[in-house]
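Peer 1: This structure is in structure tokens; I'll ask about it shortly.
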2 protein chains.
Amino acid sequence: MSSQKNILILGSTGSIGVNTLNVIRTFPDNFNVTGLTVNSNIDDLEKQIDEFHPEYVVVIDKNKASKLQKRIKDKCKVLSGSEGLIDIAKNSDYDIMVTALVGFAGLSPTIEGIKRKKRIALANKETLVVAGELITEMIYEYGAELIPVDSEHSAIFQCLIGEEKEYIEKLILTASGGPFRNWGKHDLESVTVDQALAHPNWKMGNKITIDSATMMNKGLEVIEAHWLFGLSKDKIEVVVHPQSIIHSMVEFIDGSIKAQMSLPDMKLPIQYALTFPERLGCSYVETRLPKLKELTFFEPDYEKFECLALAYKVMETGGTTPCIMNAANEIAVEKFLKGKISFTDIPQIIKSSLDKIENHRSPNLETIFECDRQTREFAKNLFDN
Amino acid sequence: MSSQKNILILGSTGSIGVNTLNVIRTFPDNFNVTGLTVNSNIDDLEKQIDEFHPEYVVVIDKNKASKLQKRIKDKCKVLSGSEGLIDIAKNSDYDIMVTALVGFAGLSPTIEGIKRKKRIALANKETLVVAGELITEMIYEYGAELIPVDSEHSAIFQCLIGEEKEYIEKLILTASGGPFRNWGKHDLESVTVDQALAHPNWKMGNKITIDSATMMNKGLEVIEAHWLFGLSKDKIEVVVHPQSIIHSMVEFIDGSIKAQMSLPDMKLPIQYALTFPERLGCSYVETRLPKLKELTFFEPDYEKFECLALAYKVMETGGTTPCIMNAANEIAVEKFLKGKISFTDIPQIIKSSLDKIENHRSPNLETIFECDRQTREFAKNLFDN
């Protein structure tokens, strides 16, 4: 690669964060870690500090932050709280910000990165889901770079290299269909937390694994694709592909379809987001198609997976409805993981929130934050046993 | 598209020629037929003249040529013989030459097109197989453009748009495996002409259909890919994919694979070769993956399909051995179609020819022609009942 790149990872002990560090470990001459952030997992963070020597780290939990600073002494500077997150995004030295935070928290630091014209390697879905209009405008205004890390969007991004937007007929996002692909609609009522956490193909964090089981994950990705690639609802399709080998596809106006594929391994799209437009040789996976049994494809069941249908609906409605859906979903998933609600209550909580909370057209950041806060407060009290 | 393009089609009544005219018929504002050539099928050619109004046509068969000129009077000028083919390539007005001739005959007119810096939409495999070194040097020297029409090479060409050659790990050419994919090696001895002509996925001419049944077609394509994309033997793989939906793939050094796919329809790669780098909207096929049963992949059986193994061998040996293999194969297929030899005699005739005819390193055009002539003469007398 042309030169060594400095990397700031927001959310370094989560699945994407750890895999980003795996990529960086493979190419020590190409990448240098300058910043890491965690919510509270200071034990793992301490090991990462010892190995990668960042200049700054952020621990959102303030008690844990002081505990860590005492432990590591002057090895590196520890910031704390969400103001620490803004601070590191605003003031520390980096070329690429990997936003691997879960949920709504990734938004503010991402904006700081955009203002500094940095490359944003975006693994935080909510950034574009809740603030897609704002973020894409800012990217354009500041001339920053937004490279997707999600395997689906990375696949589409790769298929579009060298092609013109006007040649796109539609994007085809593949979905594994999750663990309940073959379950009946009514069987979903009795789903347990363990069943929902048993994803067939990908090992990921809990929130995203539940989102994958409800197919909300795909819904969020559809909205994300809408903003990333500037295409309307009718140009973005979902196809269920249980083997997760084809990560997504683009169909062009002449009927030609390009697909990007490999054995599932998040290191591939992460590395591509760091190296684009270059590629670096590595051997994370060897995809031998004859060793795979078959590749199959199915239409998604929008009645069974109501969350996916809701995502298409809010994408069309726009305004703050994607923010309401996202906030309600975060709360609902939290409740489900704690055993407080059933699996099929998740879309119900979202629908109740969409009915209750007012929609604002072309919201600014303050409106989005307020809408998020209101929705969470409302959703928290729903369906409690 | 930017401007109307003039098209010369060499071999206009064959499968590729007819499909090229189908594409042109769909986009009368974008393309204009200036020249057509046939071997002897003047009845179909006359209909094409009436519809597309070319300035010149060529009929290789001289008697048929005069017959046609009498019939059509001054509708257009009829040239004849292989000198007519050279003449039209050298002197007529065209932007794109579609070389859809079967066999060795495409070589000389293609060279004339290259010298005039035209775009060559190459559907004639033998051009690169027998004279790959010469042709690729000439393309570079004259600054002509070589765009593949074969669905496999078009797929690879499309997957490589916007990517650098140094990022290629390997090309993966897909092969349907032909009608004998599941036959035992020894069952091939009793194959009839009708069985060999029954291709499962593509409707093509007789020569190429037999080549598909022996997998020589894939062997020729491997050698063609070697020259088109400038990659060595170990970077070009064949994978059997019976459904012919994925037309071919490129694996990159980071493990990412790009594939190009659609329902099988030659109009797609033909149109792309005419419109590249643009795409034109059309609706020849609608590929709905959920409507397909499955996509499967197998390793090719090089023992059963000796012709494929022979192609890899001559690609490595180089010199005139690909020319010998190609000429011997043309003769052998002709003999098989006439019922003079058995299906499994085809690779035997090629092997005997490779043993007998001397190999010349870095051959010039005269050496290639002489090698072709010698091989045909030798192979003609082999294995006759």
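Within each chain, counting starts at residue 1; across the structure tokens, chains are named A, B, ... in the order shown, with ligands numbered 1 upward in that order.
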Restrict the distance test to only C-alpha atoms, flag each residue of chain B within 7 Å of chain A, and return the flagged residues as a PyMOL selection string.
Peer 2: chain B and resi 161-162+167+253-262+268+279-283+285-286+289-290+293-299
Peer 1: I'd like the contact shell of stretch 57-59 of chain B - 9 Å cut-off, only C-alpha atoms, skipping same-chain residues fewer than 4 positions apart - returned as a ChimeraX atom specification.
Peer 2: /B:10,34-42,45,49,63-66,68,76-82,84-85,88
Peer 1: What are the DSSP alpha helix (DSSP H) residues of stretch 137-232 of chain B, as JSON, numbers by chain?
Peer 2: {"B": [137, 138, 139, 140, 141, 142, 151, 152, 153, 154, 155, 156, 157, 158, 159, 193, 194, 195, 196, 197, 206, 207, 208, 209, 210, 211, 212, 213, 214, 216, 217, 218, 219, 220, 221, 222, 223, 224, 225, 226, 227, 228, 229]}
Peer 1: When distances are computed from only C-alpha atoms, which of A:Ser244, A:Ser232, A:Leu8, A:Ile86 shows the smallest separation from A:Met266?
Peer 2: A:Ser244
Peer 1: Could you list, as a list in words, every residue within 8 Å of A:Lys115, counting only C-alpha atoms and ignoring same-chain residues fewer than 4 positions away?
Peer 2: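 My reading of the contact set: Ile111, Met138, Tyr142 and Ala144 of chain A.
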Peer 1: Produce a file of the selected residues containing C-alpha atoms, as a CSV table (one decimal), in the first residue's frame.
Peer 2:
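In the end it all went to selection23.csv:
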```csv
chain,number,residue,atom,x,y,z
A,111,ILE,CA,-19.9,13.4,12.4
A,138,MET,CA,-22.2,16.2,5.3
A,142,TYR,CA,-16.9,18.1,3.7
A,144,ALA,CA,-15.1,12.9,3.5
```
Peer 1: Show me, as an mmCIF file with N, CA, C and O atoms, in the first residue's frame, the residues that have an atom within 12 Å of A:Gly184 when counting only C-alpha atoms, minus same-chain residues fewer than 5 positions from it.
Peer 2:
```cif
data_model
loop_
_atom_site.group_PDB
_atom_site.id
_atom_site.type_symbol
_atom_site.label_atom_id
_atom_site.label_comp_id
_atom_site.auth_asym_id
_atom_site.auth_seq_id
_atom_site.Cartn_x
_atom_site.Cartn_y
_atom_site.Cartn_z
ATOM 1 N N PRO A 179 -31.972 -17.948 12.043
ATOM 2 C CA PRO A 179 -32.289 -19.296 12.530
ATOM 3 C C PRO A 179 -33.756 -19.702 12.333
ATOM 4 O O PRO A 179 -34.079 -20.877 12.446
ATOM 5 N N GLU A 189 -43.697 -17.150 18.193
ATOM 6 C CA GLU A 189 -44.131 -16.648 19.494
ATOM 7 C C GLU A 189 -43.378 -17.289 20.654
ATOM 8 O O GLU A 189 -43.173 -16.677 21.695
ATOM 9 N N SER A 190 -42.939 -18.543 20.447
ATOM 10 C CA SER A 190 -42.328 -19.286 21.555
ATOM 11 C C SER A 190 -40.796 -19.300 21.513
ATOM 12 O O SER A 190 -40.141 -20.030 22.240
ATOM 13 N N VAL A 191 -40.213 -18.471 20.622
ATOM 14 C CA VAL A 191 -38.751 -18.454 20.467
ATOM 15 C C VAL A 191 -38.053 -18.073 21.780
ATOM 16 O O VAL A 191 -38.446 -17.110 22.437
ATOM 17 N N ASP A 301 -40.074 -13.685 3.500
ATOM 18 C CA ASP A 301 -41.462 -13.735 3.943
ATOM 19 C C ASP A 301 -41.728 -12.493 4.803
ATOM 20 O O ASP A 301 -41.407 -12.452 5.987
ATOM 21 N N GLU A 303 -44.493 -11.284 5.812
ATOM 22 C CA GLU A 303 -45.516 -11.435 6.852
ATOM 23 C C GLU A 303 -44.931 -12.030 8.113
ATOM 24 O O GLU A 303 -45.251 -11.627 9.223
ATOM 25 N N LYS A 304 -44.067 -13.005 7.926
ATOM 26 C CA LYS A 304 -43.439 -13.636 9.093
ATOM 27 C C LYS A 304 -42.424 -12.689 9.720
ATOM 28 O O LYS A 304 -42.371 -12.566 10.935
ATOM 29 N N PHE A 305 -41.645 -12.028 8.867
ATOM 30 C CA PHE A 305 -40.609 -11.127 9.387
ATOM 31 C C PHE A 305 -41.095 -9.682 9.271
ATOM 32 O O PHE A 305 -40.685 -8.925 8.382
#
```
Peer 1: Select, from B:Asp345, B:Glu152, B:Glu51, B:Asp87, the residue with the minimum atom-to-atom distance to B:Leu21, counting only C-alpha atoms.
Peer 2: B:Glu51
Peer 1: Could you give me, as a VMD selection string, each residue of stretch 176-295 of chain A that DSSP assigns to strand (DSSP E) when run on this structure's backbone?
Peer 2: chain A and resid 236 to 240 246 to 252 257 to 261
Peer 1: Just to be explicit: take each residue in the selection above, keep N, CA and C atoms, and write the result as a PDB file, in the first residue's frame.
Peer 2:
```
ATOM      1  N   ILE A 236     -34.134  -1.532  -4.364  1.00  0.00           N
ATOM      2  CA  ILE A 236     -33.381  -2.313  -3.374  1.00  0.00           C
ATOM      3  C   ILE A 236     -34.203  -3.535  -2.976  1.00  0.00           C
ATOM      4  N   GLU A 237     -33.679  -4.709  -3.288  1.00  0.00           N
ATOM      5  CA  GLU A 237     -34.394  -5.959  -3.018  1.00  0.00           C
ATOM      6  C   GLU A 237     -33.649  -6.793  -1.999  1.00  0.00           C
ATOM      7  N   VAL A 238     -34.400  -7.645  -1.320  1.00  0.00           N
ATOM      8  CA  VAL A 238     -33.773  -8.615  -0.416  1.00  0.00           C
ATOM      9  C   VAL A 238     -34.052 -10.015  -0.958  1.00  0.00           C
ATOM     10  N   VAL A 239     -33.014 -10.840  -1.009  1.00  0.00           N
ATOM     11  CA  VAL A 239     -33.164 -12.242  -1.387  1.00  0.00           C
ATOM     12  C   VAL A 239     -32.554 -13.082  -0.269  1.00  0.00           C
ATOM     13  N   VAL A 240     -33.296 -14.081   0.184  1.00  0.00           N
ATOM     14  CA  VAL A 240     -32.770 -14.967   1.228  1.00  0.00           C
ATOM     15  C   VAL A 240     -31.820 -15.973   0.585  1.00  0.00           C
ATOM     16  N   ILE A 246     -22.726 -15.645  -1.257  1.00  0.00           N
ATOM     17  CA  ILE A 246     -22.873 -14.401  -2.021  1.00  0.00           C
ATOM     18  C   ILE A 246     -23.305 -13.324  -1.038  1.00  0.00           C
ATOM     19  N   HIS A 247     -22.482 -12.277  -0.891  1.00  0.00           N
ATOM     20  CA  HIS A 247     -22.737 -11.290   0.164  1.00  0.00           C
ATOM     21  C   HIS A 247     -23.722 -10.217  -0.266  1.00  0.00           C
ATOM     22  N   SER A 248     -23.836 -10.000  -1.537  1.00  0.00           N
ATOM     23  CA  SER A 248     -24.880  -9.173  -2.154  1.00  0.00           C
ATOM     24  C   SER A 248     -24.575  -9.031  -3.632  1.00  0.00           C
ATOM     25  N   MET A 249     -25.504  -8.418  -4.370  1.00  0.00           N
ATOM     26  CA  MET A 249     -25.392  -8.349  -5.818  1.00  0.00           C
ATOM     27  C   MET A 249     -25.889  -7.009  -6.337  1.00  0.00           C
ATOM     28  N   VAL A 250     -25.481  -6.695  -7.562  1.00  0.00           N
ATOM     29  CA  VAL A 250     -26.039  -5.544  -8.267  1.00  0.00           C
ATOM     30  C   VAL A 250     -26.523  -6.036  -9.622  1.00  0.00           C
ATOM     31  N   GLU A 251     -27.778  -5.716  -9.941  1.00  0.00           N
ATOM     32  CA  GLU A 251     -28.271  -6.001 -11.290  1.00  0.00           C
ATOM     33  C   GLU A 251     -28.205  -4.716 -12.093  1.00  0.00           C
ATOM     34  N   PHE A 252     -27.669  -4.809 -13.318  1.00  0.00           N
ATOM     35  CA  PHE A 252     -27.540  -3.632 -14.170  1.00  0.00           C
ATOM     36  C   PHE A 252     -28.678  -3.586 -15.190  1.00  0.00           C
ATOM     37  N   ILE A 257     -25.813  -9.308 -13.922  1.00  0.00           N
ATOM     38  CA  ILE A 257     -25.755  -9.228 -12.460  1.00  0.00           C
ATOM     39  C   ILE A 257     -24.324  -9.474 -12.012  1.00  0.00           C
ATOM     40  N   LYS A 258     -23.822  -8.593 -11.142  1.00  0.00           N
ATOM     41  CA  LYS A 258     -22.518  -8.852 -10.526  1.00  0.00           C
ATOM     42  C   LYS A 258     -22.732  -9.215  -9.072  1.00  0.00           C
ATOM     43  N   ALA A 259     -22.023 -10.234  -8.617  1.00  0.00           N
ATOM     44  CA  ALA A 259     -22.114 -10.669  -7.227  1.00  0.00           C
ATOM     45  C   ALA A 259     -20.725 -10.676  -6.620  1.00  0.00           C
ATOM     46  N   GLN A 260     -20.660 -10.431  -5.308  1.00  0.00           N
ATOM     47  CA  GLN A 260     -19.374 -10.555  -4.624  1.00  0.00           C
ATOM     48  C   GLN A 260     -19.545 -11.654  -3.600  1.00  0.00           C
ATOM     49  N   MET A 261     -18.575 -12.553  -3.506  1.00  0.00           N
ATOM     50  CA  MET A 261     -18.739 -13.705  -2.616  1.00  0.00           C
ATOM     51  C   MET A 261     -17.445 -14.160  -1.971  1.00  0.00           C
TER      52      MET A 261
END
```
Peer 1: Hey, what's within 10 Å of B:Arg25 if we count only C-alpha atoms and toss same-chain stuff fewer than 6 positions away? As a compact mmCIF listing (two decimals) with N, CA and C atoms, in the first residue's frame, please?
Peer 2:
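Written out: selection_23.txt:
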```
# COMPACT_ATOMS: atom_id res chain seq x y z
N ASN B 19 -27.65 -13.36 -33.20
CA ASN B 19 -27.90 -12.67 -31.93
C ASN B 19 -27.37 -11.24 -31.94
N PHE B 31 -26.98 1.51 -33.37
CA PHE B 31 -26.12 0.71 -34.22
C PHE B 31 -26.62 0.70 -35.66
N ASN B 32 -25.67 0.58 -36.57
CA ASN B 32 -25.95 0.58 -37.99
C ASN B 32 -25.09 -0.52 -38.63
N VAL B 33 -25.72 -1.43 -39.37
CA VAL B 33 -24.97 -2.53 -39.99
C VAL B 33 -24.36 -2.06 -41.30
N GLU B 51 -33.39 -6.34 -44.38
CA GLU B 51 -33.73 -5.68 -43.11
C GLU B 51 -32.70 -4.63 -42.69
N PHE B 52 -31.39 -4.94 -42.87
CA PHE B 52 -30.37 -4.08 -42.25
C PHE B 52 -29.60 -3.20 -43.25
```
Peer 1: Leaving out A:Ser342 and any residue of its chain fewer than 3 positions from it, which residues lie within 10 Å of it when counting only C-alpha atoms, given as a PyMOL selection string?
Peer 2: chain A and resi 188-193+332-333+335-337+339+345-346+383+385
Peer 1: Write a file of the selected residues as a PDB file, in the first residue's frame, keeping C-alpha atoms.
Peer 2:
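To be explicit, this is the file written out as again37.pdb:
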```pdb
ATOM      1  CA  LEU A 188     -42.037 -17.508  16.423  1.00  0.00           C
ATOM      2  CA  GLU A 189     -44.131 -16.648  19.494  1.00  0.00           C
ATOM      3  CA  SER A 190     -42.328 -19.286  21.555  1.00  0.00           C
ATOM      4  CA  VAL A 191     -38.751 -18.454  20.467  1.00  0.00           C
ATOM      5  CA  THR A 192     -36.235 -18.473  23.354  1.00  0.00           C
ATOM      6  CA  VAL A 193     -33.252 -16.138  23.727  1.00  0.00           C
ATOM      7  CA  ALA A 332     -37.242  -4.149  22.343  1.00  0.00           C
ATOM      8  CA  VAL A 333     -34.154  -6.293  21.679  1.00  0.00           C
ATOM      9  CA  LYS A 335     -36.047  -6.386  26.704  1.00  0.00           C
ATOM     10  CA  PHE A 336     -36.122  -9.642  24.753  1.00  0.00           C
ATOM     11  CA  LEU A 337     -32.523 -10.484  25.740  1.00  0.00           C
ATOM     12  CA  GLY A 339     -36.441 -12.225  29.011  1.00  0.00           C
ATOM     13  CA  ASP A 345     -43.316  -8.512  20.809  1.00  0.00           C
ATOM     14  CA  ILE A 346     -40.315  -6.874  19.120  1.00  0.00           C
ATOM     15  CA  PHE A 383     -45.171  -4.877  27.141  1.00  0.00           C
ATOM     16  CA  ASN A 385     -44.542  -8.469  32.227  1.00  0.00           C
TER      17      ASN A 385
END
```
Peer 1: Using only C-alpha atoms, find each residue of stretch 110-221 of chain B with at least one atom at most 8 Å away from an atom of stretch 323-328 of chain B; report its shortest atom-to-atom pair and that distance in Å (one decimal), sort the rows by chain and rising residue number, and return the result as CSV.
Peer 2:
```
residue,atom,partner,partner_atom,distance
B:Glu126,CA,B:Asn326,CA,7.2
B:Val129,CA,B:Cys323,CA,6.9
B:Val130,CA,B:Cys323,CA,4.4
B:Ala131,CA,B:Cys323,CA,7.6
```
Peer 1: So, with only C-alpha atoms as the atoms that count, which of B:Lys73, B:Lys5, B:Lys125, B:Lys90 lies closest to B:Gly219?
Peer 2: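 So, comparing all the options, the nearest one is B:Lys125.
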Peer 1: Hey, which of A:Gly11, A:Leu310, A:Ile172, A:Gly177 ends up closest to A:Asp44? Count only C-alpha atoms.
Peer 2: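 Looking only at the distances to A:Asp44, the closest residue turns out to be A:Gly11.
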Peer 1: What lies within 9 Å of B:Leu308 using only C-alpha atoms, ignoring chain neighbours under 6 positions off, as a ChimeraX atom specification?
Peer 2: /B:214-220,222,300-302
Peer 1: For atom CA of B:Glu83 and atom CA of B:Ile331, quote the distance in Å rounded to one decimal.
Peer 2: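 Result for atom CA of B:Glu83 versus atom CA of B:Ile331: 22.9 Å, one decimal.
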Peer 1: Which residue is closest to B:Lys233? Choose from B:Phe27, B:Tyr312, B:Tyr56, B:Tyr94 and count only C-alpha atoms.
Peer 2: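 Using only C-alpha atoms, the shortest distance to B:Lys233 belongs to B:Tyr312.
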